[in-house]
$ cat upload-v2.tsv   # TSV, C-alpha atoms
chain	number	residue	atom	x	y	z
A	1	MET	CA	6.32	-2.00	43.58
A	2	THR	CA	7.30	1.66	43.81
A	3	TYR	CA	8.87	3.76	41.07
A	4	ALA	CA	12.29	3.50	42.77
A	5	GLU	CA	11.94	-0.26	43.22
A	6	LEU	CA	11.06	-0.68	39.53
A	7	GLN	CA	14.11	1.32	38.48
A	8	THR	CA	16.35	-0.74	40.75
A	9	ALA	CA	14.87	-4.03	39.52
A	10	ILE	CA	15.46	-3.10	35.87
A	11	LYS	CA	19.08	-2.18	36.55
A	12	ASP	CA	19.66	-5.33	38.61
A	13	TYR	CA	18.01	-7.75	36.17
A	14	LEU	CA	19.81	-6.26	33.18
A	15	GLN	CA	23.02	-5.66	35.14
A	16	ASN	CA	23.34	-2.23	33.67
A	17	THR	CA	24.07	0.98	35.56
A	18	GLU	CA	25.69	2.78	32.64
A	19	THR	CA	24.85	6.50	32.70
A	20	THR	CA	23.09	6.70	29.34
A	21	PHE	CA	20.96	3.66	30.14
A	22	VAL	CA	20.00	5.03	33.56
A	23	ASN	CA	19.14	8.42	32.03
A	24	ASP	CA	16.79	6.68	29.60
A	25	LEU	CA	15.04	4.54	32.22
A	26	ASP	CA	11.94	6.74	32.24
A	27	THR	CA	11.51	6.25	28.49
A	28	ILE	CA	12.01	2.50	28.86
A	29	ILE	CA	9.41	2.33	31.63
A	30	LYS	CA	6.89	4.37	29.62
A	31	GLN	CA	7.38	2.04	26.66
A	32	GLY	CA	6.79	-0.94	28.96
A	33	GLU	CA	3.57	0.61	30.27
A	34	GLU	CA	2.50	1.31	26.69
A	35	ARG	CA	2.98	-2.34	25.76
A	36	ILE	CA	0.40	-3.35	28.35
A	37	LEU	CA	-2.07	-0.52	27.77
A	38	LYS	CA	-2.26	-1.17	24.03
A	39	ILE	CA	-3.04	-4.87	24.50
A	40	ILE	CA	-5.39	-5.11	27.50
A	41	ARG	CA	-8.59	-3.17	28.21
A	42	LEU	CA	-8.64	-3.34	31.99
A	43	PRO	CA	-11.88	-2.17	33.64
A	44	VAL	CA	-9.84	-0.01	36.02
A	45	PHE	CA	-8.84	2.14	33.05
A	46	ARG	CA	-12.41	3.01	32.10
A	47	LYS	CA	-13.79	6.43	32.90
A	48	ASN	CA	-17.01	8.41	32.49
A	49	VAL	CA	-17.15	12.15	31.83
A	50	THR	CA	-19.98	14.50	30.97
A	51	GLY	CA	-19.94	17.41	28.58
A	52	THR	CA	-22.17	19.37	26.24
A	53	LEU	CA	-23.01	19.01	22.57
A	54	THR	CA	-23.63	22.60	21.51
A	55	ASP	CA	-26.47	23.76	19.29
A	56	GLY	CA	-25.19	24.02	15.71
A	57	ASN	CA	-21.77	22.54	16.49
A	58	THR	CA	-21.10	19.11	15.02
A	59	TYR	CA	-17.89	18.56	17.05
A	60	LEU	CA	-17.24	17.45	20.63
A	61	SER	CA	-13.77	17.59	22.22
A	62	THR	CA	-12.20	14.42	23.62
A	63	PRO	CA	-10.70	14.38	27.14
A	64	SER	CA	-6.94	14.96	27.40
A	65	ASP	CA	-6.36	11.36	28.59
A	66	PHE	CA	-8.61	9.78	25.93
A	67	MET	CA	-7.48	6.60	24.17
A	68	ASP	CA	-10.67	5.03	22.79
A	69	ALA	CA	-14.43	5.29	23.22
A	70	PHE	CA	-16.76	2.64	24.60
A	71	SER	CA	-19.95	4.68	24.21
A	72	LEU	CA	-21.30	8.20	23.76
A	73	ALA	CA	-24.80	9.09	24.90
A	74	ILE	CA	-26.89	12.23	25.01
A	75	ILE	CA	-29.06	12.75	28.07
A	76	SER	CA	-32.59	13.95	27.55
A	77	SER	CA	-35.15	14.11	30.39
A	78	SER	CA	-32.80	11.92	32.46
A	79	ASN	CA	-32.81	9.27	29.71
A	80	HIS	CA	-29.60	8.10	28.09
A	81	ILE	CA	-29.84	7.92	24.30
A	82	TYR	CA	-26.80	6.09	22.94
A	83	LEU	CA	-25.34	7.26	19.64
A	84	LEU	CA	-24.22	4.67	17.11
A	85	ARG	CA	-20.51	4.69	16.36
A	86	THR	CA	-19.63	4.94	12.67
A	87	ASP	CA	-16.83	6.61	10.74
A	88	VAL	CA	-16.36	10.15	9.46
A	89	SER	CA	-17.15	9.28	5.85
A	90	PHE	CA	-20.53	7.79	6.86
A	91	ILE	CA	-21.50	10.95	8.76
A	92	ARG	CA	-20.38	13.18	5.89
A	93	GLU	CA	-22.47	11.15	3.44
A	94	ALA	CA	-25.52	10.65	5.67
A	95	TYR	CA	-25.61	14.30	6.81
A	96	PRO	CA	-23.99	16.27	3.97
A	97	ASN	CA	-25.47	19.62	5.01
A	98	SER	CA	-24.13	20.58	8.43
A	99	ALA	CA	-26.69	23.40	8.60
A	100	THR	CA	-29.50	20.81	8.80
A	101	THR	CA	-30.00	20.16	12.50
A	102	SER	CA	-31.75	17.48	14.52
A	103	THR	CA	-31.16	15.13	17.45
A	104	PRO	CA	-27.73	13.47	16.97
A	105	GLN	CA	-27.83	9.76	16.16
A	106	HIS	CA	-24.27	8.85	15.13
A	107	TYR	CA	-20.75	9.73	16.18
A	108	ALA	CA	-17.23	9.09	14.95
A	109	LEU	CA	-13.71	9.93	16.05
A	110	PHE	CA	-12.82	12.90	13.85
A	111	ASP	CA	-9.19	13.35	14.93
A	112	ASP	CA	-7.00	12.99	18.02
A	113	THR	CA	-8.89	15.68	19.91
A	114	SER	CA	-12.51	15.59	18.79
A	115	PHE	CA	-15.58	13.58	17.81
A	116	ILE	CA	-17.98	14.47	15.03
A	117	VAL	CA	-21.70	13.78	15.45
A	118	GLY	CA	-24.53	13.61	12.97
A	119	PRO	CA	-26.88	15.19	12.41
A	120	THR	CA	-25.73	18.56	13.71
A	121	PRO	CA	-27.32	19.17	17.14
A	122	ASP	CA	-30.50	21.26	17.08
A	123	ALA	CA	-30.06	22.28	20.74
A	124	ASP	CA	-27.60	21.98	23.59
A	125	TYR	CA	-27.45	18.36	24.78
A	126	SER	CA	-25.78	16.96	27.86
A	127	ALA	CA	-23.47	14.15	26.77
A	128	GLU	CA	-21.83	11.29	28.64
A	129	LEU	CA	-18.72	9.62	27.30
A	130	HIS	CA	-17.58	6.23	28.58
A	131	TYR	CA	-13.99	5.75	27.47
A	132	PHE	CA	-10.65	4.00	27.85
A	133	TYR	CA	-8.19	6.45	29.32
A	134	ARG	CA	-4.43	6.68	29.59
A	135	PRO	CA	-3.39	6.56	33.26
A	136	ASN	CA	-0.48	8.62	34.51
A	137	SER	CA	2.87	6.91	34.13
A	138	ILE	CA	4.62	5.79	37.30
A	139	THR	CA	7.48	8.03	36.14
A	140	ALA	CA	5.28	11.09	36.73
A	141	GLY	CA	5.18	10.49	40.48
A	142	ALA	CA	7.58	10.48	43.40
A	143	SER	CA	10.22	7.79	43.93
A	144	ASP	CA	7.96	6.05	46.45
A	145	GLY	CA	4.89	6.42	44.21
A	146	THR	CA	2.91	3.53	42.76
A	147	THR	CA	0.31	2.97	40.05
A	148	TRP	CA	-2.38	0.35	39.55
A	149	LEU	CA	-0.06	-1.62	37.27
A	150	SER	CA	2.91	-1.49	39.66
A	151	THR	CA	0.71	-2.62	42.56
A	152	ASN	CA	-1.55	-5.18	40.88
A	153	ALA	CA	0.45	-6.30	37.84
A	154	SER	CA	4.05	-5.82	38.91
A	155	ASN	CA	5.32	-8.91	37.04
A	156	ALA	CA	3.76	-7.82	33.75
A	157	LEU	CA	5.11	-4.29	34.20
A	158	LEU	CA	8.60	-5.45	35.16
A	159	TYR	CA	8.99	-7.87	32.25
A	160	ALA	CA	7.54	-5.38	29.80
A	161	CYS	CA	10.21	-2.92	30.95
A	162	LEU	CA	12.93	-5.58	30.82
A	163	LEU	CA	11.95	-6.34	27.24
A	164	GLU	CA	12.17	-2.69	26.30
A	165	GLY	CA	15.41	-2.27	28.22
A	166	TYR	CA	17.05	-5.31	26.64
A	167	VAL	CA	16.01	-4.19	23.17
A	168	TYR	CA	17.58	-0.81	24.04
A	169	MET	CA	20.78	-2.64	24.99
A	170	LYS	CA	20.67	-4.72	21.79
A	171	GLY	CA	20.96	-7.81	23.96
A	172	GLU	CA	21.31	-11.47	23.04
A	173	PRO	CA	18.27	-12.98	21.27
A	174	ASP	CA	18.17	-16.02	23.60
A	175	LEU	CA	17.76	-13.94	26.75
A	176	LEU	CA	15.35	-11.64	24.95
A	177	GLN	CA	13.14	-14.67	24.31
A	178	VAL	CA	13.23	-15.54	28.01
A	179	TYR	CA	12.04	-12.06	28.97
A	180	ASP	CA	9.42	-12.20	26.23
A	181	GLY	CA	8.13	-15.54	27.50
A	182	ARG	CA	7.87	-14.30	31.09
A	183	TYR	CA	6.15	-11.13	29.88
A	184	LYS	CA	3.59	-13.08	27.83
A	185	GLU	CA	2.90	-15.39	30.79
A	186	ALA	CA	2.25	-12.44	33.12
A	187	LEU	CA	0.21	-10.71	30.43
A	188	ALA	CA	-1.99	-13.79	29.93
A	189	ARG	CA	-2.82	-13.84	33.64
A	190	LEU	CA	-3.60	-10.13	33.54
A	191	LYS	CA	-5.86	-10.60	30.50
A	192	ASN	CA	-7.73	-13.34	32.36
A	193	LEU	CA	-8.38	-10.89	35.16
A	194	GLY	CA	-9.19	-7.85	33.07
A	195	GLU	CA	-11.03	-9.36	30.12
A	196	ALA	CA	-12.66	-12.47	31.59
A	197	GLU	CA	-13.09	-12.55	35.35
A	198	ASN	CA	-13.90	-8.85	35.77
A	199	ILE	CA	-16.63	-8.85	33.12
A	200	SER	CA	-18.38	-12.10	33.96
A	201	ASP	CA	-21.09	-12.94	36.45
A	202	SER	CA	-20.38	-16.10	38.44
A	203	TYR	CA	-24.05	-16.68	39.24
A	204	ARG	CA	-25.10	-16.69	35.58
A	205	GLU	CA	-21.94	-17.85	33.83
A	206	GLY	CA	-20.21	-20.01	36.43
A	207	THR	CA	-16.75	-19.52	37.88
A	208	PHE	CA	-14.09	-18.55	35.36
A	209	ARG	CA	-11.54	-21.37	35.03
A	210	VAL	CA	-8.20	-21.64	33.29
A	211	PRO	CA	-5.68	-24.51	33.31
A	212	GLN	CA	-3.18	-24.33	36.15
A	213	THR	CA	0.33	-23.33	35.14

$ encode --input "upload-v2.tsv" --output "structure tokens"
Amino acid sequence: MTYAELQTAIKDYLQNTETTFVNDLDTIIKQGEERILKIIRLPVFRKNVTGTLTDGNTYLSTPSDFMDAFSLAIISSSNHIYLLRTDVSFIREAYPNSATTSTPQHYALFDDTSFIVGPTPDADYSAELHYFYRPNSITAGASDGTTWLSTNASNALLYACLLEGYVYMKGEPDLLQVYDGRYKEALARLKNLGEAENISDSYREGTFRVPQT
């Protein structure tokens, strides 16, 4: 499903071509995408980046598309040494003197744009972050553009957008429940793919099975 096709489908399903509604379609679509991204951790939205922990600097910047961390490791002599994730208060208590340096052992999300590590690095360390990232919205592309969600999870994306659009319209509760039910059905299938089938090994665990619907 392309960006233009998604816009058309929303207008057709909701039977609304009113100017204000059409002008707000991008916001409605982004809200629909957000619904899915905040519920499902799809493997396709994982990314690895490398950076540097600097000698004497207890902070490390997060990528601009960062949503959540899966792991943070420092690389020493080609070996990955994984830091343990904690919270800021633990690091402040465990390593109260930031001038005391050593090999980092823990990390925490300090704010929206940075991690804090402890203890303070005693040298420059190469670091590798494995994280959940925010993909570009379909609204950021051309009218014939697509995204992973629009290509591989078009039902979930459409019904998420219809939910947001119908809430915007302050529509009837009965029809809102219909859209919500179709959205949850599509979301369940997507969760099976992203959080069960894609992280299991058929040889060791057997084939993933769910009841037919």

$ residues_around --input "upload-v2.tsv" --residues "stretch 54-67 of chain A" --least-positions-apart "5" --cutoff "8 Å" --atoms "only C-alpha atoms" --output "list in words"
Ser98, Ala99, Thr101, Asp112, Thr113, Ser114, Phe115, Ile116, Val117, Gly118, Pro119, Thr120, Pro121, Asp122, Ala123, Asp124, Tyr125, Tyr131, Phe132, Tyr133, Arg134 and Pro135 of chain A

$ closest_residue --input "upload-v2.tsv" --among "A:Arg35, A:Arg41, A:His130, A:Arg85" --to "A:Lys184" --atoms "all atoms listed in the file"
A:Arg35

$ closest_residue --input "upload-v2.tsv" --among "A:Asn79, A:Gln105, A:Thr8, A:Ser137" --to "A:Thr27" --atoms "only C-alpha atoms"
A:Ser137

$ residues_near_point --input "upload-v2.tsv" --point "(4.2, -6.6, 34.6)" --cutoff "10 Å" --atoms "all atoms listed in the file" --output "list of chain:residue names"
A:Gly32, A:Glu33, A:Arg35, A:Ile36, A:Leu149, A:Ser150, A:Thr151, A:Asn152, A:Ala153, A:Ser154, A:Asn155, A:Ala156, A:Leu157, A:Leu158, A:Tyr159, A:Ala160, A:Cys161, A:Leu162, A:Arg182, A:Tyr183, A:Lys184, A:Glu185, A:Ala186, A:Leu187, A:Leu190

$ closest_residue --input "upload-v2.tsv" --among "A:Ala127, A:Trp148, A:Ala188, A:Thr17" --to "A:Gly51" --atoms "all atoms listed in the file"
A:Ala127

$ atom_distance --input "upload-v2.tsv" --atom1 "atom CA of A:Leu176" --atom2 "atom CA of A:Asn23"
21.6 Å

$ closest_residue --input "upload-v2.tsv" --among "A:Lys38, A:Ile74, A:Phe110, A:Asp12" --to "A:Ile91" --atoms "all atoms listed in the file"
A:Phe110

$ residues_around --input "upload-v2.tsv" --residues "A:Leu72" --least-positions-apart "4" --cutoff "6 Å" --atoms "all atoms listed in the file" --output "PDB file with C-alpha atoms, in the frame of the given file"
ATOM      1  CA  TYR A  82     -26.800   6.090  22.940  1.00  0.00           C
ATOM      2  CA  LEU A  83     -25.340   7.260  19.640  1.00  0.00           C
ATOM      3  CA  GLU A 128     -21.830  11.290  28.640  1.00  0.00           C
ATOM      4  CA  LEU A 129     -18.720   9.620  27.300  1.00  0.00           C
TER       5      LEU A 129
END

$ closest_residue --input "upload-v2.tsv" --among "A:Tyr107, A:Phe70, A:Tyr179, A:Tyr13" --to "A:Val88" --atoms "only C-alpha atoms"
A:Tyr107

$ closest_residue --input "upload-v2.tsv" --among "A:Met169, A:Ala69, A:Ala94, A:Ile28" --to "A:Lys47" --atoms "all atoms listed in the file"
A:Ala69

$ atom_distance --input "upload-v2.tsv" --atom1 "atom CA of A:Gln7" --atom2 "atom CA of A:Asp180"
18.8 Å

$ atom_distance --input "upload-v2.tsv" --atom1 "atom CA of A:Thr86" --atom2 "atom CA of A:His106"
6.5 Å

$ build_atoms --input "upload-v2.tsv" --residues "stretch 30-41 of chain A" --atoms "all heavy atoms" --output "CSV table (one decimal), in the frame of the given file"
chain,number,residue,atom,x,y,z
A,30,LYS,N,8.1,3.9,30.3
A,30,LYS,CA,6.9,4.4,29.6
A,30,LYS,C,6.6,3.4,28.5
A,30,LYS,O,5.4,3.1,28.2
A,30,LYS,CB,7.1,5.8,29.1
A,30,LYS,CG,7.1,6.9,30.2
A,30,LYS,CD,7.4,8.2,29.6
A,30,LYS,CE,7.5,9.3,30.7
A,30,LYS,NZ,7.8,10.6,30.2
A,31,GLN,N,7.6,3.0,27.8
A,31,GLN,CA,7.4,2.0,26.7
A,31,GLN,C,6.8,0.7,27.2
A,31,GLN,O,6.0,0.1,26.5
A,31,GLN,CB,8.7,1.8,25.9
A,31,GLN,CG,9.1,3.0,25.1
A,31,GLN,CD,10.5,2.8,24.5
A,31,GLN,OE1,11.4,2.1,25.0
A,31,GLN,NE2,10.8,3.5,23.4
A,32,GLY,N,7.3,0.3,28.4
A,32,GLY,CA,6.8,-0.9,29.0
A,32,GLY,C,5.3,-0.8,29.3
A,32,GLY,O,4.5,-1.7,29.1
A,33,GLU,N,5.0,0.3,29.9
A,33,GLU,CA,3.6,0.6,30.3
A,33,GLU,C,2.7,0.6,29.0
A,33,GLU,O,1.6,0.1,29.0
A,33,GLU,CB,3.5,1.9,31.0
A,33,GLU,CG,4.1,2.0,32.4
A,33,GLU,CD,4.2,3.3,33.0
A,33,GLU,OE1,4.4,4.3,32.2
A,33,GLU,OE2,4.1,3.5,34.2
A,34,GLU,N,3.3,1.2,27.9
A,34,GLU,CA,2.5,1.3,26.7
A,34,GLU,C,2.2,-0.1,26.1
A,34,GLU,O,1.2,-0.3,25.5
A,34,GLU,CB,3.3,2.2,25.7
A,34,GLU,CG,2.5,2.6,24.5
A,34,GLU,CD,1.5,3.7,24.8
A,34,GLU,OE1,1.5,4.2,25.9
A,34,GLU,OE2,0.8,4.1,23.9
A,35,ARG,N,3.2,-1.0,26.2
A,35,ARG,CA,3.0,-2.3,25.8
A,35,ARG,C,1.7,-2.9,26.4
A,35,ARG,O,0.9,-3.6,25.7
A,35,ARG,CB,4.2,-3.2,26.2
A,35,ARG,CG,5.3,-3.3,25.2
A,35,ARG,CD,6.4,-4.3,25.7
A,35,ARG,NE,7.5,-4.4,24.8
A,35,ARG,CZ,7.6,-5.4,23.9
A,35,ARG,NH1,6.6,-6.3,23.8
A,35,ARG,NH2,8.6,-5.4,23.1
A,36,ILE,N,1.5,-2.8,27.7
A,36,ILE,CA,0.4,-3.4,28.4
A,36,ILE,C,-0.9,-2.6,28.0
A,36,ILE,O,-1.9,-3.3,27.7
A,36,ILE,CB,0.7,-3.3,29.9
A,36,ILE,CG1,1.9,-4.2,30.2
A,36,ILE,CG2,-0.6,-3.8,30.6
A,36,ILE,CD1,2.3,-4.0,31.7
A,37,LEU,N,-0.9,-1.3,28.0
A,37,LEU,CA,-2.1,-0.5,27.8
A,37,LEU,C,-2.6,-0.7,26.4
A,37,LEU,O,-3.9,-0.7,26.2
A,37,LEU,CB,-1.8,1.0,28.0
A,37,LEU,CG,-1.5,1.4,29.4
A,37,LEU,CD1,-1.1,2.9,29.4
A,37,LEU,CD2,-2.7,1.2,30.3
A,38,LYS,N,-1.8,-1.0,25.4
A,38,LYS,CA,-2.3,-1.2,24.0
A,38,LYS,C,-2.8,-2.6,23.8
A,38,LYS,O,-3.3,-2.8,22.7
A,38,LYS,CB,-1.1,-0.8,23.1
A,38,LYS,CG,-0.8,0.6,23.0
A,38,LYS,CD,-1.9,1.5,22.4
A,38,LYS,CE,-1.6,3.0,22.4
A,38,LYS,NZ,-0.5,3.3,21.5
A,39,ILE,N,-2.6,-3.5,24.7
A,39,ILE,CA,-3.0,-4.9,24.5
A,39,ILE,C,-4.3,-5.2,25.3
A,39,ILE,O,-5.1,-6.0,24.9
A,39,ILE,CB,-1.9,-5.8,24.8
A,39,ILE,CG1,-0.8,-5.7,23.8
A,39,ILE,CG2,-2.3,-7.3,24.8
A,39,ILE,CD1,0.5,-6.5,24.0
A,40,ILE,N,-4.3,-4.7,26.6
A,40,ILE,CA,-5.4,-5.1,27.5
A,40,ILE,C,-6.3,-3.9,27.8
A,40,ILE,O,-5.8,-2.8,28.1
A,40,ILE,CB,-4.8,-5.7,28.8
A,40,ILE,CG1,-3.9,-6.9,28.5
A,40,ILE,CG2,-5.9,-6.1,29.8
A,40,ILE,CD1,-3.2,-7.5,29.7
A,41,ARG,N,-7.6,-4.2,27.8
A,41,ARG,CA,-8.6,-3.2,28.2
A,41,ARG,C,-9.1,-3.5,29.6
A,41,ARG,O,-10.1,-4.2,29.8
A,41,ARG,CB,-9.8,-3.2,27.2
A,41,ARG,CG,-9.4,-2.8,25.8
A,41,ARG,CD,-8.9,-1.4,25.7
A,41,ARG,NE,-8.6,-1.0,24.4
A,41,ARG,CZ,-9.4,-0.4,23.5
A,41,ARG,NH1,-10.7,-0.2,23.9
A,41,ARG,NH2,-9.0,-0.1,22.3
